[in-house]
$ cat coords20.pdb   # PDB, C-alpha atoms
ATOM      1  CA  MET A   1       0.000   0.000   0.000
ATOM      2  CA  LYS A   2       1.489   3.334  -1.062
ATOM      3  CA  LYS A   3       2.110   6.099   1.471
ATOM      4  CA  GLU A   4      -0.200   8.457  -0.437
ATOM      5  CA  GLN A   5      -3.035   5.934  -0.314
ATOM      6  CA  ILE A   6      -2.510   5.366   3.411
ATOM      7  CA  GLN A   7      -2.650   9.114   4.019
ATOM      8  CA  GLU A   8      -5.837   9.467   1.960
ATOM      9  CA  LEU A   9      -7.635   6.654   3.819
ATOM     10  CA  PHE A  10      -6.356   7.939   7.155
ATOM     11  CA  GLU A  11      -7.762  11.399   6.467
ATOM     12  CA  LYS A  12     -11.116   9.994   5.315
ATOM     13  CA  LEU A  13     -11.594   8.010   8.510
ATOM     14  CA  GLU A  14     -10.404  10.892  10.668
ATOM     15  CA  THR A  15     -12.826  13.285   8.945
ATOM     16  CA  ALA A  16     -15.729  10.854   9.329
ATOM     17  CA  ARG A  17     -15.202  10.582  13.096
ATOM     18  CA  TYR A  18     -17.567  12.414  15.443
ATOM     19  CA  ASN A  19     -18.450  12.277  19.152
ATOM     20  CA  ILE A  20     -21.504  11.090  21.065
ATOM     21  CA  ASP A  21     -21.212  11.639  24.832
ATOM     22  CA  ASP A  22     -17.418  11.937  24.446
ATOM     23  CA  ILE A  23     -17.247   8.571  22.639
ATOM     24  CA  GLU A  24     -15.781   8.601  19.127
ATOM     25  CA  CYS A  25     -18.200   7.226  16.539
ATOM     26  CA  TRP A  26     -18.548   6.725  12.806
ATOM     27  CA  SER A  27     -21.546   6.656  10.497
ATOM     28  CA  ALA A  28     -22.122   3.322   8.773
ATOM     29  CA  ARG A  29     -23.215   5.174   5.652
ATOM     30  CA  GLU A  30     -19.917   7.023   5.515
ATOM     31  CA  LEU A  31     -17.950   3.854   6.215
ATOM     32  CA  GLN A  32     -19.749   2.180   3.311
ATOM     33  CA  THR A  33     -18.160   4.724   0.997
ATOM     34  CA  VAL A  34     -14.723   4.574   2.616
ATOM     35  CA  PHE A  35     -14.769   0.752   2.538
ATOM     36  CA  ALA A  36     -15.559   0.874  -1.206
ATOM     37  CA  TYR A  37     -18.934  -0.893  -0.988
ATOM     38  CA  SER A  38     -21.132   0.445  -3.795
ATOM     39  CA  GLU A  39     -24.443  -0.807  -2.377
ATOM     40  CA  TRP A  40     -25.864  -0.348   1.108
ATOM     41  CA  ARG A  41     -27.532  -3.771   1.096
ATOM     42  CA  ASN A  42     -24.174  -5.477   0.655
ATOM     43  CA  PHE A  43     -22.558  -3.419   3.392
ATOM     44  CA  LEU A  44     -25.512  -4.132   5.662
ATOM     45  CA  LYS A  45     -24.704  -7.862   5.402
ATOM     46  CA  VAL A  46     -21.232  -7.128   6.758
ATOM     47  CA  ILE A  47     -22.739  -5.131   9.634
ATOM     48  CA  VAL A  48     -24.974  -8.088  10.506
ATOM     49  CA  LYS A  49     -21.919 -10.382  10.643
ATOM     50  CA  ALA A  50     -20.084  -7.832  12.808
ATOM     51  CA  LYS A  51     -23.012  -7.706  15.242
ATOM     52  CA  LYS A  52     -22.886 -11.476  15.528
ATOM     53  CA  SER A  53     -19.156 -11.325  16.275
ATOM     54  CA  CYS A  54     -19.847  -8.726  18.950
ATOM     55  CA  GLU A  55     -22.515 -10.940  20.491
ATOM     56  CA  ASN A  56     -20.186 -13.963  20.431
ATOM     57  CA  SER A  57     -17.616 -11.922  22.376
ATOM     58  CA  GLY A  58     -20.135 -11.456  25.177
ATOM     59  CA  ILE A  59     -20.514  -7.734  24.535
ATOM     60  CA  ASP A  60     -23.870  -5.977  24.301
ATOM     61  CA  VAL A  61     -24.473  -5.209  20.626
ATOM     62  CA  SER A  62     -26.645  -2.184  21.433
ATOM     63  CA  ASP A  63     -23.684  -0.510  23.169
ATOM     64  CA  HIS A  64     -21.761  -0.333  19.903
ATOM     65  CA  PHE A  65     -24.316  -0.442  17.068
ATOM     66  CA  VAL A  66     -27.054   2.183  17.402
ATOM     67  CA  ASP A  67     -29.718   2.526  14.711
ATOM     68  CA  THR A  68     -30.218   6.105  13.605
ATOM     69  CA  ASN A  69     -31.130   8.193  10.573
ATOM     70  CA  LYS A  70     -29.062  10.283   8.216
ATOM     71  CA  MET A  71     -30.394  13.199   6.166
ATOM     72  CA  VAL A  72     -29.399  13.184   2.502
ATOM     73  CA  ASP A  73     -29.861  15.814  -0.180
ATOM     74  CA  LEU A  74     -32.358  15.045  -2.933
ATOM     75  CA  GLY A  75     -31.787  18.243  -4.871
ATOM     76  CA  SER A  76     -33.900  21.387  -5.077
ATOM     77  CA  SER A  77     -33.148  22.054  -1.380
ATOM     78  CA  SER A  78     -35.117  18.970  -0.308
ATOM     79  CA  LYS A  79     -33.846  16.226   1.988
ATOM     80  CA  ARG A  80     -35.001  12.850   3.238
ATOM     81  CA  ALA A  81     -33.990  10.558   6.061
ATOM     82  CA  ILE A  82     -32.335   7.207   5.337
ATOM     83  CA  GLU A  83     -31.417   4.465   7.786
ATOM     84  CA  ASP A  84     -27.956   4.606   9.306
ATOM     85  CA  VAL A  85     -26.027   3.086  12.221
ATOM     86  CA  ALA A  86     -23.833   4.952  14.707
ATOM     87  CA  LEU A  87     -20.743   2.829  15.342
ATOM     88  CA  THR A  88     -18.071   2.825  18.041
ATOM     89  CA  ARG A  89     -14.436   2.149  17.195
ATOM     90  CA  TYR A  90     -14.945  -1.463  18.274
ATOM     91  CA  ALA A  91     -17.982  -1.846  16.027
ATOM     92  CA  CYS A  92     -15.993  -0.415  13.109
ATOM     93  CA  TYR A  93     -13.167  -2.839  13.845
ATOM     94  CA  LEU A  94     -15.582  -5.791  13.758
ATOM     95  CA  ILE A  95     -17.061  -4.573  10.484
ATOM     96  CA  ALA A  96     -13.568  -4.315   8.995
ATOM     97  CA  GLN A  97     -12.738  -7.831  10.237
ATOM     98  CA  ASN A  98     -15.892  -9.207   8.617
ATOM     99  CA  GLY A  99     -15.504  -7.210   5.404
ATOM    100  CA  ASP A 100     -13.830  -8.083   2.129
ATOM    101  CA  SER A 101     -10.147  -8.035   3.118
ATOM    102  CA  THR A 102      -9.109  -8.113  -0.548
ATOM    103  CA  LYS A 103     -10.239  -4.491  -0.656
ATOM    104  CA  THR A 104      -7.295  -2.242   0.211
ATOM    105  CA  GLU A 105      -9.647   0.060   2.088
ATOM    106  CA  VAL A 106     -10.890  -2.738   4.352
ATOM    107  CA  ALA A 107      -7.369  -4.019   5.052
ATOM    108  CA  PHE A 108      -6.336  -0.507   6.086
ATOM    109  CA  ALA A 109      -9.414  -0.108   8.306
ATOM    110  CA  GLN A 110      -8.635  -3.327  10.178
ATOM    111  CA  THR A 111      -5.449  -1.717  11.449
ATOM    112  CA  TYR A 112      -6.833   1.819  11.821
ATOM    113  CA  PHE A 113      -9.570   0.686  14.194
ATOM    114  CA  ALA A 114      -7.397  -1.846  16.052
ATOM    115  CA  VAL A 115      -4.861   0.663  17.350
ATOM    116  CA  GLN A 116      -5.760   3.112  20.099
ATOM    117  CA  THR A 117      -4.027   6.054  18.466
ATOM    118  CA  ARG A 118      -4.606   8.521  15.691
ATOM    119  CA  LYS A 119      -0.949   8.798  14.688
ATOM    120  CA  GLN A 120      -0.586   7.941  11.019
ATOM    121  CA  GLU A 121       3.000   6.698  11.332
ATOM    122  CA  ILE A 122       2.000   4.077  13.926
ATOM    123  CA  ILE A 123      -0.772   2.840  11.647
ATOM    124  CA  GLU A 124       1.656   2.662   8.713
ATOM    125  CA  GLN A 125       4.098   0.543  10.735
ATOM    126  CA  ARG A 126       1.359  -1.803  11.931
ATOM    127  CA  LEU A 127       0.216  -2.322   8.347
ATOM    128  CA  LEU A 128       3.756  -3.363   7.429
ATOM    129  CA  ASP A 129       3.857  -5.699  10.429
ATOM    130  CA  VAL A 130       0.560  -7.314   9.432
ATOM    131  CA  VAL A 131       1.829  -7.871   5.872
ATOM    132  CA  ARG A 132       4.974  -9.562   7.193
ATOM    133  CA  VAL A 133       3.060 -11.837   9.574
ATOM    134  CA  CYS A 134       0.662 -12.803   6.778
ATOM    135  CA  ALA A 135       3.586 -13.507   4.424
ATOM    136  CA  ARG A 136       5.178 -15.775   7.049
ATOM    137  CA  GLU A 137       1.905 -17.676   7.535
ATOM    138  CA  LYS A 138       1.611 -18.037   3.771
ATOM    139  CA  LEU A 139       5.147 -19.490   3.549
ATOM    140  CA  SER A 140       4.355 -21.970   6.337
ATOM    141  CA  ASN A 141       1.243 -23.115   4.487
ATOM    142  CA  SER A 142       3.146 -23.404   1.201
ATOM    143  CA  GLU A 143       5.845 -25.517   2.860
ATOM    144  CA  LYS A 144       3.215 -27.788   4.445
ATOM    145  CA  LYS A 145       1.648 -28.242   1.029
ATOM    146  CA  LEU A 146       5.043 -29.067  -0.505
ATOM    147  CA  SER A 147       5.822 -31.503   2.328
ATOM    148  CA  GLY A 148       2.569 -33.351   1.608
ATOM    149  CA  ILE A 149       3.373 -33.564  -2.103
ATOM    150  CA  LEU A 150       6.869 -34.866  -1.347
ATOM    151  CA  TYR A 151       5.552 -37.531   1.019
ATOM    152  CA  GLU A 152       3.318 -38.862  -1.751
ATOM    153  CA  ARG A 153       6.404 -39.110  -3.999
ATOM    154  CA  GLY A 154       8.681 -41.024  -1.692
ATOM    155  CA  VAL A 155      10.445 -38.176   0.128
ATOM    156  CA  ASP A 156      10.400 -38.249   3.956
ATOM    157  CA  ASP A 157      10.859 -35.381   6.440
ATOM    158  CA  LYS A 158      14.634 -35.707   6.366
ATOM    159  CA  GLY A 159      14.600 -35.482   2.583
ATOM    160  CA  PHE A 160      12.342 -32.436   2.717
ATOM    161  CA  ALA A 161      14.762 -30.710   5.109
ATOM    162  CA  ILE A 162      17.655 -31.394   2.709
ATOM    163  CA  ILE A 163      15.667 -30.085  -0.285
ATOM    164  CA  ARG A 164      14.656 -26.937   1.600
ATOM    165  CA  SER A 165      18.246 -26.320   2.748
ATOM    166  CA  LYS A 166      19.630 -26.657  -0.797
ATOM    167  CA  GLY A 167      16.948 -24.266  -1.984
ATOM    168  CA  ASP A 168      18.110 -21.720   0.595
ATOM    169  CA  THR A 169      21.710 -22.104  -0.569
ATOM    170  CA  ALA A 170      20.596 -21.311  -4.131
ATOM    171  CA  LEU A 171      18.473 -18.332  -3.047
ATOM    172  CA  PHE A 172      21.179 -16.809  -0.830
ATOM    173  CA  GLY A 173      24.004 -17.118  -3.341
ATOM    174  CA  GLY A 174      25.913 -19.981  -1.714
ATOM    175  CA  PHE A 175      25.047 -19.228   1.910
ATOM    176  CA  SER A 176      23.383 -22.246   3.536
ATOM    177  CA  THR A 177      20.469 -22.046   5.954
ATOM    178  CA  ASN A 178      22.868 -22.343   8.903
ATOM    179  CA  ASP A 179      25.201 -19.735   7.368
ATOM    180  CA  MET A 180      22.281 -17.284   7.144
ATOM    181  CA  LYS A 181      21.169 -18.074  10.701
ATOM    182  CA  LEU A 182      24.677 -17.237  11.959
ATOM    183  CA  LYS A 183      24.818 -14.133   9.771
ATOM    184  CA  LEU A 184      21.457 -12.845  11.056
ATOM    185  CA  VAL A 185      22.006 -14.072  14.646
ATOM    186  CA  VAL A 186      18.986 -16.391  14.542
ATOM    187  CA  PRO A 187      18.629 -18.776  17.532
ATOM    188  CA  GLY A 188      19.558 -22.312  16.546
ATOM    189  CA  ASN A 189      16.143 -23.744  17.420
ATOM    190  CA  ARG A 190      14.164 -21.211  15.390
ATOM    191  CA  PRO A 191      13.329 -21.215  11.646
ATOM    192  CA  LEU A 192      15.359 -18.786   9.543
ATOM    193  CA  ALA A 193      12.164 -17.397   7.988
ATOM    194  CA  ASP A 194      10.997 -16.068  11.388
ATOM    195  CA  PHE A 195      13.728 -13.417  11.159
ATOM    196  CA  LEU A 196      13.714 -12.627   7.443
ATOM    197  CA  PRO A 197      12.311  -9.381   6.017
ATOM    198  CA  THR A 198       9.015  -9.502   4.139
ATOM    199  CA  LEU A 199      10.620  -9.425   0.680
ATOM    200  CA  THR A 200      12.784 -12.483   1.370
ATOM    201  CA  ILE A 201       9.880 -14.391   2.924
ATOM    202  CA  LYS A 202       7.810 -13.769  -0.206
ATOM    203  CA  ALA A 203      10.763 -14.773  -2.406
ATOM    204  CA  LYS A 204      11.061 -18.099  -0.554
ATOM    205  CA  ASP A 205       7.314 -18.607  -0.835
ATOM    206  CA  LEU A 206       7.383 -18.059  -4.599
ATOM    207  CA  ALA A 207      10.139 -20.633  -5.022
ATOM    208  CA  VAL A 208       8.223 -23.159  -2.894
ATOM    209  CA  GLU A 209       5.009 -22.596  -4.857
ATOM    210  CA  LEU A 210       6.874 -23.036  -8.155
ATOM    211  CA  THR A 211       8.358 -26.295  -6.905
ATOM    212  CA  SER A 212       4.977 -27.654  -5.798
ATOM    213  CA  HIS A 213       3.432 -26.716  -9.128
ATOM    214  CA  ASN A 214       6.183 -28.227 -11.268
ATOM    215  CA  ILE A 215       6.421 -31.452  -9.254
ATOM    216  CA  VAL A 216       2.766 -32.136  -9.992
ATOM    217  CA  GLU A 217       2.827 -30.736 -13.524
ATOM    218  CA  ASN A 218       5.884 -32.778 -14.545
ATOM    219  CA  ASP A 219       5.121 -35.793 -12.328
ATOM    220  CA  LEU A 220       8.527 -35.697 -10.625
ATOM    221  CA  GLN A 221       9.350 -38.646  -8.356
ATOM    222  CA  GLY A 222      12.080 -39.110  -5.757
ATOM    223  CA  GLU A 223      14.452 -36.806  -3.905
ATOM    224  CA  LYS A 224      17.051 -36.158  -6.624
ATOM    225  CA  PRO A 225      14.863 -34.672  -9.413
ATOM    226  CA  ILE A 226      12.782 -32.729  -6.877
ATOM    227  CA  THR A 227      15.920 -31.293  -5.294
ATOM    228  CA  SER A 228      17.130 -30.135  -8.723
ATOM    229  CA  GLU A 229      13.745 -28.570  -9.394
ATOM    230  CA  HIS A 230      13.749 -26.669  -6.103
ATOM    231  CA  ILE A 231      17.302 -25.435  -6.624
ATOM    232  CA  GLU A 232      16.459 -24.140 -10.098
ATOM    233  CA  ASN A 233      13.358 -22.357  -8.841
ATOM    234  CA  ASN A 234      15.324 -20.615  -6.085
ATOM    235  CA  LYS A 235      17.995 -19.629  -8.605
ATOM    236  CA  ALA A 236      15.280 -18.170 -10.842
ATOM    237  CA  VAL A 237      13.818 -16.144  -7.971
ATOM    238  CA  ARG A 238      17.305 -14.971  -6.982
ATOM    239  CA  LYS A 239      17.931 -13.850 -10.568
ATOM    240  CA  ILE A 240      14.815 -11.665 -10.454
ATOM    241  CA  LEU A 241      15.943 -10.097  -7.162
ATOM    242  CA  LEU A 242      19.449  -9.435  -8.464
ATOM    243  CA  GLU A 243      18.065  -7.823 -11.605
ATOM    244  CA  ARG A 244      16.160  -5.411  -9.340
ATOM    245  CA  GLY A 245      19.287  -4.635  -7.306
ATOM    246  CA  VAL A 246      18.452  -6.861  -4.320
ATOM    247  CA  LYS A 247      20.871  -9.381  -2.805
ATOM    248  CA  PRO A 248      18.767 -11.366  -0.315
ATOM    249  CA  GLU A 249      21.810 -12.458   1.721
ATOM    250  CA  THR A 250      22.711  -8.811   2.435
ATOM    251  CA  LEU A 251      19.306  -7.692   3.724
ATOM    252  CA  PRO A 252      19.251  -7.030   7.487
ATOM    253  CA  PRO A 253      17.258  -9.278   9.827
ATOM    254  CA  ALA A 254      13.734  -8.316  10.815
ATOM    255  CA  GLU A 255      12.033  -8.481  14.191
ATOM    256  CA  ASP A 256      11.264 -11.944  15.567
ATOM    257  CA  ILE A 257       7.945 -12.896  13.945
ATOM    258  CA  LYS A 258       6.639 -14.402  17.197
ATOM    259  CA  LYS A 259       7.312 -11.169  19.062
ATOM    260  CA  LEU A 260       5.614  -9.260  16.262
ATOM    261  CA  GLN A 261       2.557 -11.511  16.392
ATOM    262  CA  ARG A 262       2.301 -11.028  20.168
ATOM    263  CA  LYS A 263       2.419  -7.270  19.669
ATOM    264  CA  LEU A 264      -0.373  -7.379  17.080
ATOM    265  CA  ASN A 265      -2.455  -9.620  19.321
ATOM    266  CA  ALA A 266      -1.885  -7.227  22.235
ATOM    267  CA  ASP A 267      -3.292  -4.345  20.162
ATOM    268  CA  GLU A 268      -6.479  -6.282  19.546
ATOM    269  CA  LYS A 269      -6.699  -7.470  23.151
ATOM    270  CA  LYS A 270      -6.335  -3.891  24.390
ATOM    271  CA  LEU A 271      -9.095  -2.772  22.050
ATOM    272  CA  LEU A 272     -11.384  -5.476  23.456
ATOM    273  CA  GLU A 273     -10.467  -4.659  27.071
ATOM    274  CA  ASP A 274     -11.014  -0.931  26.545
ATOM    275  CA  THR A 275     -14.304  -1.733  24.844
ATOM    276  CA  LYS A 276     -15.536  -3.620  27.895
ATOM    277  CA  LYS A 277     -14.552  -0.719  30.163
ATOM    278  CA  LYS A 278     -15.923   2.152  28.096
ATOM    279  CA  ASN A 279     -16.588   3.097  24.460
ATOM    280  CA  LYS A 280     -20.293   2.602  24.999
ATOM    281  CA  ILE A 281     -22.775   4.835  23.163
ATOM    282  CA  ILE A 282     -25.277   6.244  25.653
ATOM    283  CA  THR A 283     -28.756   6.505  24.165
TER     284      THR A 283
END
$ encode --input "coords20.pdb" --output "structure tokens"
Amino acid sequence: MKKEQIQELFEKLETARYNIDDIECWSARELQTVFAYSEWRNFLKVIVKAKKSCENSGIDVSDHFVDTNKMVDLGSSSKRAIEDVALTRYACYLIAQNGDSTKTEVAFAQTYFAVQTRKQEIIEQRLLDVVRVCAREKLSNSEKKLSGILYERGVDDKGFAIIRSKGDTALFGGFSTNDMKLKLVVPGNRPLADFLPTLTIKAKDLAVELTSHNIVENDLQGEKPITSEHIENNKAVRKILLERGVKPETLPPAEDIKKLQRKLNADEKKLLEDTKKKNKIIT
């Protein structure tokens, strides 16, 4: 997500915010526009799901979703009232969580409403953290998929570890997995990927996905041909990075992914705890 787009969405949500009894609120009608939903009926379905999530959390829905009306211009100085919902920050967060996360606007809102701050730079950093955590989860899933394919083709866990290690050596220009762990000061009992920057994680994931695809497509059997395939795919990904001026073995380590995940979880936990203490619309 580009910095300009983040700033634009940040300003839209800040402008849409208003207060009811000193509690910050947002209009569902305005969020519909910001979240890029063209039709109210479709956005209303998301609100219904969010209410259910609120109820499942043991929180009174009526404290955070309040039915109201909004006056809209019809032209010729005439207006009419349409249905609307006043939403607390927590309600907005639940709507974002239940919305279409493929929409950039919804993905941004998930972070905007999760953090208890209105500082744009903190929101920008959290967005980057979320992307990295998601990339790491994606790599884990891709490797599990590859492991399953290998098992069906006569390669055990030890063989998979060897194949993955040789792939790393190809990706990092001759540096083995252990070499990179020493270089980045990664604890011996932790996966290298937990300390890699987002770009490298995605590069590894691409190579793994290519290997899985080609094993099935070309009906490869046994450790030797699959190892060669994985090495070639990592070399191909490395070539792309080098052509763009990136040497993956020279990139600095990133924050421990487990620590990062705990920090993201703490943001959401704090939002829930604060919600239970306050942030209740008085009607």
$ closest_residue --input "coords20.pdb" --among "A:Gln125, A:Lys103, A:Glu39, A:Leu260" --to "Lys3 of chain A" --atoms "all atoms listed in the file"
A:Gln125
$ closest_residue --input "coords20.pdb" --among "A:Asn141, A:Thr200, A:Thr111, A:Gln221" --to "Lys247 of chain A" --atoms "only C-alpha atoms"
A:Thr200
$ closest_residue --input "coords20.pdb" --among "A:Lys51, A:Asp129, A:Gly167, A:Ala135" --to "Leu94 of chain A" --atoms "all atoms listed in the file"
A:Lys51
$ atom_distance --input "coords20.pdb" --atom1 "atom CA of Phe65 of chain A" --atom2 "atom CA of Thr88 of chain A"
7.1 Å
$ atom_distance --input "coords20.pdb" --atom1 "atom CA of Ile215 of chain A" --atom2 "atom CA of Lys181 of chain A"
28.2 Å
$ resolve_selection --input "coords20.pdb" --expression "the PyMOL selection byres ((chain A and resi 27) around 10)" --output "PyMOL selection string"
chain A and resi 16-18+25-26+28-32+66+68-70+84-88+92
$ atom_distance --input "coords20.pdb" --atom1 "atom CA of Lys269 of chain A" --atom2 "atom CA of Glu24 of chain A"
18.9 Å
$ residues_around --input "coords20.pdb" --residues "Lys49 of chain A" --least-positions-apart "4" --cutoff "8 Å" --atoms "all atoms listed in the file" --output "list in words"
Lys45, Ser53, Ile95 and Asn98 of chain A
$ closest_residue --input "coords20.pdb" --among "A:Leu196, A:Leu241, A:Ala50, A:Leu184" --to "His64 of chain A" --atoms "all atoms listed in the file"
A:Ala50
$ residues_around --input "coords20.pdb" --residues "Thr104 of chain A" --least-positions-apart "2" --cutoff "10 Å" --atoms "only C-alpha atoms" --output "number ranges by chain"
A: 1, 5-6, 9, 35-36, 100-102, 106-109
$ closest_residue --input "coords20.pdb" --among "A:Thr198, A:Gln110, A:Gln97, A:Thr250" --to "Phe172 of chain A" --atoms "all atoms listed in the file"
A:Thr250
$ residues_around --input "coords20.pdb" --residues "Arg164 of chain A" --least-positions-apart "4" --cutoff "12 Å" --atoms "all atoms listed in the file" --output "ChimeraX atom specification"
/A:143-144,146-147,150,157-160,168-171,176-178,191-193,204-205,207-208,211,223,226-231,233-234
$ decode --input "coords20.pdb" --residues "segment 77-147 of chain A" --atoms "C-alpha atoms" --output "mmCIF file, in the first residue's frame"
data_model
loop_
_atom_site.group_PDB
_atom_site.id
_atom_site.type_symbol
_atom_site.label_atom_id
_atom_site.label_comp_id
_atom_site.auth_asym_id
_atom_site.auth_seq_id
_atom_site.Cartn_x
_atom_site.Cartn_y
_atom_site.Cartn_z
ATOM 1 C CA SER A 77 -33.148 22.054 -1.380
ATOM 2 C CA SER A 78 -35.117 18.970 -0.308
ATOM 3 C CA LYS A 79 -33.846 16.226 1.988
ATOM 4 C CA ARG A 80 -35.001 12.850 3.238
ATOM 5 C CA ALA A 81 -33.990 10.558 6.061
ATOM 6 C CA ILE A 82 -32.335 7.207 5.337
ATOM 7 C CA GLU A 83 -31.417 4.465 7.786
ATOM 8 C CA ASP A 84 -27.956 4.606 9.306
ATOM 9 C CA VAL A 85 -26.027 3.086 12.221
ATOM 10 C CA ALA A 86 -23.833 4.952 14.707
ATOM 11 C CA LEU A 87 -20.743 2.829 15.342
ATOM 12 C CA THR A 88 -18.071 2.825 18.041
ATOM 13 C CA ARG A 89 -14.436 2.149 17.195
ATOM 14 C CA TYR A 90 -14.945 -1.463 18.274
ATOM 15 C CA ALA A 91 -17.982 -1.846 16.027
ATOM 16 C CA CYS A 92 -15.993 -0.415 13.109
ATOM 17 C CA TYR A 93 -13.167 -2.839 13.845
ATOM 18 C CA LEU A 94 -15.582 -5.791 13.758
ATOM 19 C CA ILE A 95 -17.061 -4.573 10.484
ATOM 20 C CA ALA A 96 -13.568 -4.315 8.995
ATOM 21 C CA GLN A 97 -12.738 -7.831 10.237
ATOM 22 C CA ASN A 98 -15.892 -9.207 8.617
ATOM 23 C CA GLY A 99 -15.504 -7.210 5.404
ATOM 24 C CA ASP A 100 -13.830 -8.083 2.129
ATOM 25 C CA SER A 101 -10.147 -8.035 3.118
ATOM 26 C CA THR A 102 -9.109 -8.113 -0.548
ATOM 27 C CA LYS A 103 -10.239 -4.491 -0.656
ATOM 28 C CA THR A 104 -7.295 -2.242 0.211
ATOM 29 C CA GLU A 105 -9.647 0.060 2.088
ATOM 30 C CA VAL A 106 -10.890 -2.738 4.352
ATOM 31 C CA ALA A 107 -7.369 -4.019 5.052
ATOM 32 C CA PHE A 108 -6.336 -0.507 6.086
ATOM 33 C CA ALA A 109 -9.414 -0.108 8.306
ATOM 34 C CA GLN A 110 -8.635 -3.327 10.178
ATOM 35 C CA THR A 111 -5.449 -1.717 11.449
ATOM 36 C CA TYR A 112 -6.833 1.819 11.821
ATOM 37 C CA PHE A 113 -9.570 0.686 14.194
ATOM 38 C CA ALA A 114 -7.397 -1.846 16.052
ATOM 39 C CA VAL A 115 -4.861 0.663 17.350
ATOM 40 C CA GLN A 116 -5.760 3.112 20.099
ATOM 41 C CA THR A 117 -4.027 6.054 18.466
ATOM 42 C CA ARG A 118 -4.606 8.521 15.691
ATOM 43 C CA LYS A 119 -0.949 8.798 14.688
ATOM 44 C CA GLN A 120 -0.586 7.941 11.019
ATOM 45 C CA GLU A 121 3.000 6.698 11.332
ATOM 46 C CA ILE A 122 2.000 4.077 13.926
ATOM 47 C CA ILE A 123 -0.772 2.840 11.647
ATOM 48 C CA GLU A 124 1.656 2.662 8.713
ATOM 49 C CA GLN A 125 4.098 0.543 10.735
ATOM 50 C CA ARG A 126 1.359 -1.803 11.931
ATOM 51 C CA LEU A 127 0.216 -2.322 8.347
ATOM 52 C CA LEU A 128 3.756 -3.363 7.429
ATOM 53 C CA ASP A 129 3.857 -5.699 10.429
ATOM 54 C CA VAL A 130 0.560 -7.314 9.432
ATOM 55 C CA VAL A 131 1.829 -7.871 5.872
ATOM 56 C CA ARG A 132 4.974 -9.562 7.193
ATOM 57 C CA VAL A 133 3.060 -11.837 9.574
ATOM 58 C CA CYS A 134 0.662 -12.803 6.778
ATOM 59 C CA ALA A 135 3.586 -13.507 4.424
ATOM 60 C CA ARG A 136 5.178 -15.775 7.049
ATOM 61 C CA GLU A 137 1.905 -17.676 7.535
ATOM 62 C CA LYS A 138 1.611 -18.037 3.771
ATOM 63 C CA LEU A 139 5.147 -19.490 3.549
ATOM 64 C CA SER A 140 4.355 -21.970 6.337
ATOM 65 C CA ASN A 141 1.243 -23.115 4.487
ATOM 66 C CA SER A 142 3.146 -23.404 1.201
ATOM 67 C CA GLU A 143 5.845 -25.517 2.860
ATOM 68 C CA LYS A 144 3.215 -27.788 4.445
ATOM 69 C CA LYS A 145 1.648 -28.242 1.029
ATOM 70 C CA LEU A 146 5.043 -29.067 -0.505
ATOM 71 C CA SER A 147 5.822 -31.503 2.328
#
